[in-house]
$ cat target.cif   # mmCIF, C-alpha atoms
data_my_file
loop_
_atom_site.label_atom_id
_atom_site.label_comp_id
_atom_site.auth_asym_id
_atom_site.auth_seq_id
_atom_site.Cartn_x
_atom_site.Cartn_y
_atom_site.Cartn_z
CA MET A 1 13.15 -28.81 80.78
CA ILE A 2 14.31 -28.05 77.22
CA GLY A 3 12.46 -29.82 74.39
CA GLY A 4 8.79 -30.44 73.67
CA GLY A 5 8.79 -34.02 72.36
CA PRO A 6 7.44 -37.15 74.11
CA ALA A 7 10.43 -37.62 76.42
CA GLY A 8 10.21 -34.09 77.82
CA THR A 9 6.45 -33.79 78.00
CA VAL A 10 6.00 -37.18 79.68
CA PHE A 11 8.69 -36.16 82.19
CA ALA A 12 6.90 -32.82 82.80
CA TYR A 13 3.48 -34.49 83.11
CA THR A 14 4.70 -37.09 85.60
CA ALA A 15 6.70 -34.62 87.69
CA ALA A 16 3.93 -32.00 87.73
CA SER A 17 1.40 -34.66 88.70
CA HIS A 18 3.52 -35.21 91.83
CA GLY A 19 3.49 -31.50 92.65
CA LYS A 20 6.89 -30.58 91.20
CA CYS A 21 7.42 -27.19 89.55
CA VAL A 22 8.41 -27.73 85.91
CA LEU A 23 8.99 -25.21 83.13
CA MET A 24 9.04 -26.56 79.55
CA LEU A 25 10.89 -24.64 76.82
CA GLU A 26 10.15 -25.52 73.18
CA LYS A 27 11.79 -23.61 70.33
CA ASN A 28 8.88 -24.19 67.92
CA ALA A 29 5.15 -23.67 68.13
CA VAL A 30 3.28 -26.72 69.46
CA PRO A 31 2.57 -28.76 67.48
CA SER A 32 5.20 -28.44 64.77
CA THR A 33 6.14 -30.67 61.86
CA LYS A 34 9.26 -32.70 62.54
CA VAL A 35 11.20 -35.63 61.10
CA CYS A 36 9.79 -38.21 63.47
CA GLY A 37 7.60 -41.25 63.09
CA GLY A 38 4.26 -41.85 64.74
CA VAL A 39 4.44 -45.60 65.42
CA LEU A 40 2.97 -46.63 68.77
CA SER A 41 3.90 -50.22 69.60
CA PRO A 42 2.47 -52.29 72.47
CA ARG A 43 5.62 -51.45 74.46
CA CYS A 44 4.98 -47.75 73.90
CA LEU A 45 1.33 -47.98 74.91
CA ARG A 46 2.27 -49.86 78.09
CA ALA A 47 4.74 -47.09 78.96
CA LEU A 48 2.03 -44.46 78.34
CA ASP A 49 -0.35 -46.46 80.55
CA ARG A 50 2.20 -46.44 83.38
CA ALA A 51 2.45 -42.67 82.99
CA GLY A 52 -1.34 -42.33 83.08
CA LEU A 53 -1.58 -41.08 79.49
CA GLY A 54 -2.52 -44.23 77.59
CA GLU A 55 -6.28 -43.64 77.49
CA GLN A 56 -5.89 -40.12 76.07
CA VAL A 57 -3.38 -41.25 73.43
CA ARG A 58 -5.62 -44.12 72.30
CA ARG A 59 -8.29 -41.56 71.34
CA ILE A 60 -6.03 -40.00 68.68
CA PRO A 61 -7.16 -41.05 65.16
CA HIS A 62 -4.95 -43.96 64.20
CA GLN A 63 -4.31 -46.68 61.67
CA TYR A 64 -3.55 -50.23 62.81
CA LEU A 65 -0.59 -51.92 61.13
CA THR A 66 -0.90 -55.55 60.04
CA PHE A 67 2.26 -56.18 58.01
CA LEU A 68 5.76 -55.02 57.13
CA ASP A 69 6.60 -54.83 53.42
CA VAL A 70 10.30 -54.62 52.47
CA GLU A 71 11.61 -54.21 48.93
CA LEU A 72 15.30 -54.24 47.99
CA ASP A 73 16.98 -52.61 45.00
CA SER A 74 17.92 -56.16 43.88
CA GLY A 75 14.23 -56.79 43.21
CA ASP A 76 13.78 -59.06 46.22
CA ARG A 77 10.67 -58.40 48.28
CA LEU A 78 9.31 -59.87 51.47
CA GLN A 79 6.28 -59.32 53.66
CA ILE A 80 6.09 -60.05 57.38
CA PRO A 81 2.72 -60.13 59.19
CA PHE A 82 2.13 -58.30 62.48
CA PRO A 83 -0.15 -59.41 65.32
CA LYS A 84 -3.57 -57.83 64.72
CA GLU A 85 -4.55 -54.56 66.41
CA THR A 86 -1.36 -54.25 68.43
CA THR A 87 0.58 -51.49 66.65
CA ARG A 88 -0.82 -48.22 65.38
CA VAL A 89 0.33 -45.11 63.53
CA VAL A 90 -0.78 -41.62 64.59
CA ASP A 91 -0.03 -38.14 63.31
CA ARG A 92 3.05 -37.14 65.29
CA CYS A 93 1.87 -33.52 65.50
CA GLU A 94 -1.32 -34.64 67.24
CA LEU A 95 0.61 -36.83 69.67
CA ASP A 96 3.04 -34.06 70.60
CA ALA A 97 0.21 -31.56 71.05
CA LEU A 98 -1.76 -33.94 73.29
CA LEU A 99 1.23 -34.67 75.54
CA TRP A 100 2.10 -30.96 75.79
CA ARG A 101 -1.48 -30.08 76.79
CA ALA A 102 -1.53 -32.94 79.32
CA ALA A 103 1.66 -31.65 80.96
CA VAL A 104 0.25 -28.10 81.18
CA THR A 105 -3.05 -29.39 82.58
CA ALA A 106 -1.10 -31.34 85.22
CA GLY A 107 0.54 -28.11 86.37
CA ALA A 108 3.68 -27.71 84.26
CA GLU A 109 4.31 -24.34 82.65
CA GLY A 110 4.96 -24.37 78.90
CA TRP A 111 6.76 -21.71 76.87
CA GLU A 112 6.45 -22.24 73.12
CA GLN A 113 8.65 -20.57 70.50
CA THR A 114 11.31 -20.06 73.13
CA ILE A 115 15.00 -20.65 72.43
CA ALA A 116 17.61 -21.50 75.06
CA ARG A 117 20.54 -19.19 74.28
CA SER A 118 22.99 -20.27 76.97
CA ILE A 119 23.34 -22.60 79.93
CA GLY A 120 25.43 -22.02 83.04
CA ARG A 121 25.87 -22.89 86.71
CA SER A 122 25.14 -20.47 89.54
CA SER A 123 27.05 -20.21 92.81
CA ASP A 124 24.53 -22.44 94.60
CA GLU A 125 25.07 -25.13 91.90
CA HIS A 126 21.65 -24.50 90.37
CA TRP A 127 21.31 -24.12 86.60
CA THR A 128 20.78 -20.87 84.78
CA VAL A 129 19.28 -20.76 81.31
CA LEU A 130 18.98 -17.64 79.19
CA ALA A 131 15.67 -18.07 77.33
CA GLN A 132 14.56 -15.92 74.43
CA ASN A 133 11.13 -15.46 72.88
CA SER A 134 9.89 -11.89 72.50
CA GLN A 135 12.54 -10.93 75.05
CA GLU A 136 15.46 -12.50 76.90
CA THR A 137 14.64 -14.01 80.31
CA PRO A 138 17.17 -15.54 82.75
CA LEU A 139 15.80 -18.70 84.38
CA HIS A 140 17.04 -20.64 87.41
CA GLY A 141 16.32 -24.23 88.40
CA LYS A 142 17.52 -27.03 90.66
CA LEU A 143 17.31 -29.56 87.84
CA LEU A 144 18.09 -29.25 84.14
CA ILE A 145 16.58 -31.69 81.64
CA GLY A 146 17.75 -31.90 78.03
CA ALA A 147 15.00 -33.56 76.01
CA ASP A 148 15.77 -31.61 72.87
CA GLY A 149 16.51 -34.35 70.34
CA ARG A 150 19.59 -35.91 68.87
CA ASN A 151 21.08 -32.51 67.97
CA SER A 152 20.63 -31.54 71.63
CA PHE A 153 21.63 -27.99 72.55
CA VAL A 154 21.99 -29.07 76.17
CA ALA A 155 24.36 -31.89 75.23
CA ARG A 156 26.44 -29.58 73.04
CA GLN A 157 26.71 -27.03 75.84
CA LEU A 158 28.00 -29.79 78.12
CA ALA A 159 30.38 -31.10 75.41
CA LEU A 160 28.65 -34.49 75.32
CA ARG A 161 29.08 -35.83 71.80
CA ALA A 162 27.17 -38.70 70.26
CA LYS A 163 29.28 -41.70 69.38
CA GLY A 164 29.80 -43.13 65.93
CA ALA A 165 30.06 -41.69 62.45
CA ARG A 166 27.96 -38.69 61.46
CA ARG A 167 25.40 -40.14 59.09
CA SER A 168 21.70 -40.69 58.48
CA PHE A 169 20.59 -37.47 56.80
CA CYS A 170 16.82 -37.55 56.36
CA LEU A 171 14.11 -35.85 54.32
CA GLN A 172 10.46 -36.19 55.35
CA TYR A 173 7.49 -35.63 53.06
CA ARG A 174 3.75 -36.00 53.44
CA LEU A 175 1.69 -37.60 50.69
CA THR A 176 -1.92 -36.50 50.35
CA ARG A 177 -2.82 -39.02 47.61
CA HIS A 178 -1.04 -42.33 47.17
CA ASP A 179 -1.42 -46.00 46.36
CA PHE A 180 0.19 -47.46 49.49
CA ASP A 181 -1.75 -49.93 51.64
CA ARG A 182 -2.83 -48.16 54.83
CA GLU A 183 -2.30 -51.26 56.98
CA GLY A 184 1.38 -51.71 56.10
CA VAL A 185 4.75 -50.25 56.97
CA HIS A 186 6.57 -49.98 53.66
CA PHE A 187 10.36 -49.96 53.24
CA PHE A 188 12.61 -49.72 50.22
CA ILE A 189 16.35 -50.33 50.74
CA PHE A 190 18.85 -49.09 48.16
CA GLN A 191 22.58 -48.39 48.03
CA ASN A 192 23.56 -46.10 50.94
CA GLY A 193 19.99 -45.33 51.86
CA TYR A 194 16.47 -46.48 52.57
CA CYS A 195 12.89 -45.20 52.63
CA GLY A 196 10.18 -45.82 55.16
CA LEU A 197 6.49 -45.00 54.73
CA SER A 198 3.43 -45.42 56.93
CA VAL A 199 -0.12 -44.03 56.82
CA ASP A 200 -1.77 -42.38 59.82
CA GLY A 201 -5.43 -42.45 60.88
CA THR A 202 -6.32 -39.52 58.57
CA GLY A 203 -4.99 -41.25 55.45
CA MET A 204 -1.90 -39.03 55.21
CA ALA A 205 1.25 -40.97 54.27
CA HIS A 206 4.50 -40.05 56.00
CA LEU A 207 7.59 -40.71 53.88
CA ASP A 208 11.16 -40.66 55.22
CA ILE A 209 14.03 -40.78 52.72
CA ILE A 210 17.22 -41.54 54.59
CA SER A 211 20.77 -41.25 53.30
CA LEU A 212 23.45 -43.28 55.03
CA LYS A 213 26.21 -41.31 53.30
CA GLY A 214 25.86 -38.31 55.59
CA ARG A 215 24.56 -34.98 54.36
CA GLU A 216 23.24 -34.91 50.81
CA ASP A 217 21.22 -32.08 49.36
CA GLU A 218 17.57 -32.69 48.59
CA VAL A 219 18.08 -32.79 44.81
CA THR A 220 20.93 -35.34 44.94
CA LEU A 221 19.20 -37.68 47.37
CA ASN A 222 15.91 -37.59 45.47
CA ALA A 223 17.73 -38.15 42.17
CA ARG A 224 19.45 -41.24 43.59
CA LEU A 225 16.12 -42.58 44.76
CA MET A 226 14.24 -41.91 41.54
CA GLU A 227 16.92 -43.73 39.52
CA GLN A 228 15.87 -46.96 41.23
CA LYS A 229 13.66 -49.44 39.41
CA SER A 230 11.15 -50.60 41.97
CA ARG A 231 7.43 -50.81 42.67
CA PHE A 232 7.93 -48.57 45.72
CA VAL A 233 9.49 -45.78 43.64
CA ASP A 234 6.84 -46.14 40.91
CA ARG A 235 4.15 -45.46 43.51
CA LEU A 236 6.07 -42.42 44.78
CA ARG A 237 6.16 -40.99 41.25
CA ALA A 238 2.37 -41.31 40.98
CA ALA A 239 1.66 -39.83 44.44
CA GLU A 240 0.66 -36.26 45.29
CA TYR A 241 2.78 -34.48 47.88
CA LEU A 242 1.81 -31.86 50.42
CA PRO A 243 3.13 -28.56 48.99
CA GLY A 244 6.24 -27.04 50.49
CA LYS A 245 9.80 -27.99 51.30
CA PRO A 246 10.49 -31.28 53.08
CA VAL A 247 11.46 -31.33 56.73
CA THR A 248 15.14 -32.22 57.10
CA ARG A 249 17.27 -33.79 59.79
CA SER A 250 21.02 -33.31 59.91
CA PRO A 251 23.48 -36.20 60.31
CA ILE A 252 24.77 -37.05 63.77
CA GLY A 253 26.60 -39.93 65.40
CA GLN A 254 24.54 -42.94 66.36
CA GLY A 255 24.57 -44.36 69.87
CA ARG A 256 24.41 -43.19 73.46
CA ARG A 257 26.03 -40.12 74.90
CA ALA A 258 28.14 -40.26 78.04
CA ALA A 259 26.24 -39.30 81.19
CA PRO A 260 26.72 -35.69 82.33
CA SER A 261 29.23 -35.26 85.16
CA PHE A 262 26.82 -33.13 87.23
CA SER A 263 24.25 -34.79 89.46
CA ASN A 264 21.40 -32.40 88.61
CA VAL A 265 21.34 -32.49 84.82
CA PHE A 266 19.92 -35.31 82.70
CA LEU A 267 19.38 -36.11 79.04
CA LEU A 268 16.24 -37.87 77.83
CA GLY A 269 15.03 -39.52 74.63
CA ASP A 270 17.09 -38.94 71.50
CA ALA A 271 19.28 -36.45 73.38
CA GLN A 272 20.40 -39.32 75.60
CA GLY A 273 20.84 -41.91 72.90
CA TRP A 274 19.70 -42.36 69.35
CA VAL A 275 18.67 -45.67 67.78
CA GLU A 276 18.17 -46.66 64.15
CA PRO A 277 14.61 -45.55 63.22
CA PHE A 278 14.02 -48.64 61.06
CA THR A 279 11.96 -50.43 63.74
CA GLY A 280 9.99 -47.42 64.99
CA GLU A 281 11.03 -47.70 68.64
CA GLY A 282 11.95 -44.06 69.25
CA ILE A 283 8.71 -42.99 70.95
CA SER A 284 8.74 -46.04 73.24
CA LEU A 285 12.25 -45.31 74.47
CA ALA A 286 11.48 -41.60 74.89
CA VAL A 287 8.34 -42.22 76.97
CA GLU A 288 10.08 -44.81 79.14
CA SER A 289 13.08 -42.60 79.89
CA GLY A 290 10.94 -39.53 80.66
CA HIS A 291 8.53 -41.33 82.96
CA GLU A 292 11.22 -43.25 84.85
CA LEU A 293 13.35 -40.18 85.58
CA ALA A 294 10.35 -38.11 86.71
CA GLN A 295 9.16 -40.89 89.02
CA GLN A 296 12.57 -41.13 90.67
CA TRP A 297 12.92 -37.37 91.10
CA ALA A 298 9.35 -36.71 92.25
CA THR A 299 9.38 -39.48 94.86
CA SER A 300 12.90 -38.63 96.14
CA GLN A 301 14.34 -41.96 95.01
CA PRO A 302 18.04 -42.22 94.16
CA ILE A 303 18.27 -41.19 90.52
CA ALA A 304 19.92 -43.89 88.44
CA THR A 305 19.15 -43.08 84.82
CA LYS A 306 19.89 -45.60 82.16
CA PHE A 307 19.01 -45.60 78.50
CA PRO A 308 16.11 -48.02 77.83
CA ASN A 309 17.32 -50.92 75.74
CA PRO A 310 16.11 -51.09 72.14
CA SER A 311 15.16 -54.49 70.78
CA MET A 312 17.75 -56.95 69.53
CA THR A 313 16.15 -56.55 66.09
CA ASN A 314 16.83 -52.80 66.19
CA ARG A 315 20.48 -53.34 67.07
CA CYS A 316 20.77 -55.92 64.30
CA MET A 317 19.17 -53.62 61.70
CA GLY A 318 21.42 -50.73 62.77
CA PHE A 319 24.38 -52.91 61.77
CA VAL A 320 22.92 -54.59 58.69
CA ILE A 321 21.35 -51.54 57.03
CA ASN A 322 24.80 -49.96 56.49
CA LYS A 323 26.21 -52.99 54.69
CA PRO A 324 24.48 -53.82 51.39
CA HIS A 325 25.83 -57.38 51.23
CA CYS A 326 24.51 -58.05 54.75
CA THR A 327 21.13 -56.58 53.81
CA GLN A 328 20.87 -58.86 50.78
CA ALA A 329 21.93 -61.88 52.86
CA LEU A 330 19.32 -61.09 55.54
CA ALA A 331 16.62 -60.73 52.88
CA ARG A 332 17.51 -64.14 51.43
CA LEU A 333 17.44 -65.68 54.91
CA LEU A 334 14.00 -64.22 55.65
CA LYS A 335 12.62 -65.55 52.35
CA ILE A 336 13.98 -69.02 53.08
CA ALA A 337 13.02 -68.98 56.76
CA PRO A 338 9.99 -66.68 57.19
CA ARG A 339 9.71 -67.64 60.86
CA VAL A 340 12.87 -65.63 61.51
CA GLY A 341 11.09 -62.53 60.22
CA GLN A 342 8.05 -63.31 62.33
CA TRP A 343 10.25 -63.66 65.41
CA MET A 344 11.91 -60.30 64.64
CA SER A 345 8.56 -58.52 64.29
CA HIS A 346 7.20 -60.10 67.48
CA GLU A 347 10.40 -59.16 69.34
CA VAL A 348 9.89 -55.51 68.39
CA LEU A 349 6.12 -55.50 68.96
CA LYS A 350 5.84 -57.62 72.10
#
$ encode --input "target.cif" --output "structure tokens"
Amino acid sequence: MIGGGPAGTVFAYTAASHGKCVLMLEKNAVPSTKVCGGVLSPRCLRALDRAGLGEQVRRIPHQYLTFLDVELDSGDRLQIPFPKETTRVVDRCELDALLWRAAVTAGAEGWEQTIARSIGRSSDEHWTVLAQNSQETPLHGKLLIGADGRNSFVARQLALRAKGARRSFCLQYRLTRHDFDREGVHFFIFQNGYCGLSVDGTGMAHLDIISLKGREDEVTLNARLMEQKSRFVDRLRAAEYLPGKPVTRSPIGQGRRAAPSFSNVFLLGDAQGWVEPFTGEGISLAVESGHELAQQWATSQPIATKFPNPSMTNRCMGFVINKPHCTQALARLLKIAPRVGQWMSHEVLK
């Protein structure tokens, strides 16, 4: 199993709990900083409960979210309330570390700081992976799982390309001191980009700056953002950032990849299909896909993988966010008819 995020570790935990032999390969140390959110919705927590991990995850320090605050570069602003104590934000590093430890405790073997150099098929139709850490090690397995993110090495080796235009370059920063309300998810939408910010249970703010133009360098993207006249940007100027370079994420096509042609290789989470991060559904979909596949494999059921469906709101935002005139029209609609916004938030958080 290649990849140490929620999709892979939940798969490993579930399979190992049923007595299966699983080896996890993660190219970074665990935990490691990554461009990923830490929003745990009710749907996500239910999926973790089904996997038997919900109680442990609930003990991670968290911040409950009570509203969504959206500001547009036109000056329009709207706020949508959330149901109380249903959705929380955690430090993603803590979540990944907990799930990795849980998988190892259940019996999976975990190799950190290990890179998969090549993938091939042996004569008995098993998979061979050349893994490298301090030395190169050939590995053999009946099943190959690619849970290594939207820039999946496994998918590239199998020539499975993501659909859609290559876009959505992202920078992620951490703010140690800031003036953002801890109970809100804050968004600012500007031409060819948007920002999202949430605060975890330790008070650390996690800021994503996303370009919809494709790859931009850090200086250009930040300059475009800081040119904006908005309350959101004013608060960013006054904030204190964690020292160091931001974490970056390269552009890739949005949408689902075609299923592999072999019957003993599967993609999970973002490697299988990527959704717009605006609604914070990535962890939910990753956990669901990992747990479902492991259950089928471990109990000898016919394996029929399908990508969990994101919410209708997510699909709508994936379309609207790329078209400024549609974004402005949606904002006007939500101001005139706030119940539409409440329905959208409940649809995501149900």
$ residues_around --input "target.cif" --residues "range 327-332 of chain A" --least-positions-apart "2" --cutoff "10 Å" --atoms "all atoms listed in the file" --output "PDB file with C-alpha atoms, in the coordinates of the input"
ATOM      1  CA  VAL A  70      10.300 -54.620  52.470  1.00  0.00           C
ATOM      2  CA  GLU A  71      11.610 -54.210  48.930  1.00  0.00           C
ATOM      3  CA  LEU A  72      15.300 -54.240  47.990  1.00  0.00           C
ATOM      4  CA  ASP A  73      16.980 -52.610  45.000  1.00  0.00           C
ATOM      5  CA  SER A  74      17.920 -56.160  43.880  1.00  0.00           C
ATOM      6  CA  ASP A  76      13.780 -59.060  46.220  1.00  0.00           C
ATOM      7  CA  ARG A  77      10.670 -58.400  48.280  1.00  0.00           C
ATOM      8  CA  LEU A  78       9.310 -59.870  51.470  1.00  0.00           C
ATOM      9  CA  ILE A 189      16.350 -50.330  50.740  1.00  0.00           C
ATOM     10  CA  PHE A 190      18.850 -49.090  48.160  1.00  0.00           C
ATOM     11  CA  MET A 317      19.170 -53.620  61.700  1.00  0.00           C
ATOM     12  CA  PHE A 319      24.380 -52.910  61.770  1.00  0.00           C
ATOM     13  CA  VAL A 320      22.920 -54.590  58.690  1.00  0.00           C
ATOM     14  CA  ILE A 321      21.350 -51.540  57.030  1.00  0.00           C
ATOM     15  CA  ASN A 322      24.800 -49.960  56.490  1.00  0.00           C
ATOM     16  CA  LYS A 323      26.210 -52.990  54.690  1.00  0.00           C
ATOM     17  CA  PRO A 324      24.480 -53.820  51.390  1.00  0.00           C
ATOM     18  CA  HIS A 325      25.830 -57.380  51.230  1.00  0.00           C
ATOM     19  CA  LEU A 334      14.000 -64.220  55.650  1.00  0.00           C
ATOM     20  CA  LYS A 335      12.620 -65.550  52.350  1.00  0.00           C
ATOM     21  CA  ILE A 336      13.980 -69.020  53.080  1.00  0.00           C
ATOM     22  CA  ALA A 337      13.020 -68.980  56.760  1.00  0.00           C
ATOM     23  CA  PRO A 338       9.990 -66.680  57.190  1.00  0.00           C
ATOM     24  CA  VAL A 340      12.870 -65.630  61.510  1.00  0.00           C
ATOM     25  CA  GLY A 341      11.090 -62.530  60.220  1.00  0.00           C
TER      26      GLY A 341
END
$ resolve_selection --input "target.cif" --expression "the PyMOL selection byres ((chain A and resi 109) around 8)" --output "PyMOL selection string"
chain A and resi 22-24+103-104+107-108+110-111
$ resolve_selection --input "target.cif" --expression "the PyMOL selection byres ((chain A and resi 44) around 10)" --output "number ranges by chain"
A: 39-43, 45-50, 54, 87, 281-288, 349
$ resolve_selection --input "target.cif" --expression "the PyMOL selection byres ((chain A and resi 267-274) around 7)" --output "list in words"
Ala7, Ile145, Gly146, Ala147, Asp148, Gly149, Arg150, Asn151, Ser152, Gln254, Gly255, Arg256, Arg257, Phe266, Val275, Glu276, Leu285, Ala286, Ser289, Gly290 and Phe307 of chain A
$ residues_around --input "target.cif" --residues "His140 in chain A" --least-positions-apart "2" --cutoff "7 Å" --atoms "all atoms listed in the file" --output "list in words"
His126, Trp127, Thr128, Val129 and Pro138 of chain A
$ closest_atom_pairs --input "target.cif" --of "range 41-151 of chain A" --to "range 25-35 of chain A" --cutoff "8 Å" --atoms "only C-alpha atoms" --output "CSV"
residue,atom,partner,partner_atom,distance
A:Arg92,CA,A:Thr33,CA,7.9
A:Cys93,CA,A:Pro31,CA,5.2
A:Glu94,CA,A:Pro31,CA,7.1
A:Asp96,CA,A:Pro31,CA,6.2
A:Ala97,CA,A:Pro31,CA,5.1
A:Trp100,CA,A:Val30,CA,7.7
A:Gly110,CA,A:Leu25,CA,6.3
A:Trp111,CA,A:Leu25,CA,5.1
A:Glu112,CA,A:Glu26,CA,4.9
A:Gln113,CA,A:Lys27,CA,4.4
A:Thr114,CA,A:Lys27,CA,4.5
A:Ile115,CA,A:Lys27,CA,4.8
A:Ala116,CA,A:Leu25,CA,7.6
$ atom_distance --input "target.cif" --atom1 "CA of Arg315 in chain A" --atom2 "CA of Leu68 in chain A"
17.8 Å
$ atom_distance --input "target.cif" --atom1 "CA of Ala16 in chain A" --atom2 "CA of Ala106 in chain A"
5.7 Å
$ atom_distance --input "target.cif" --atom1 "CA of Ala298 in chain A" --atom2 "CA of Gly52 in chain A"
15.2 Å
$ closest_residue --input "target.cif" --among "A:Leu160, A:Leu207, A:Ala223, A:Thr299" --to "Ser261 in chain A" --atoms "all atoms listed in the file"
A:Leu160
$ closest_residue --input "target.cif" --among "A:Pro81, A:Pro310, A:Gly19, A:Pro6" --to "Ser345 in chain A" --atoms "all atoms listed in the file"
A:Pro81
$ axis_aligned_box --input "target.cif" --around "range 293-302 of chain A" --padding-each-side "3 Å" --output "lines of an AutoDock Vina configuration file"
center_x = 13.6
center_y = -39.5
center_z = 90.9
size_x = 14.9
size_y = 11.5
size_z = 16.6
$ closest_residue --input "target.cif" --among "A:Lys245, A:Arg161, A:Phe153, A:Leu95" --to "Val219 in chain A" --atoms "only C-alpha atoms"
A:Lys245
$ closest_residue --input "target.cif" --among "A:Val89, A:Cys170, A:Gln228, A:Phe82" --to "Leu212 in chain A" --atoms "all atoms listed in the file"
A:Cys170
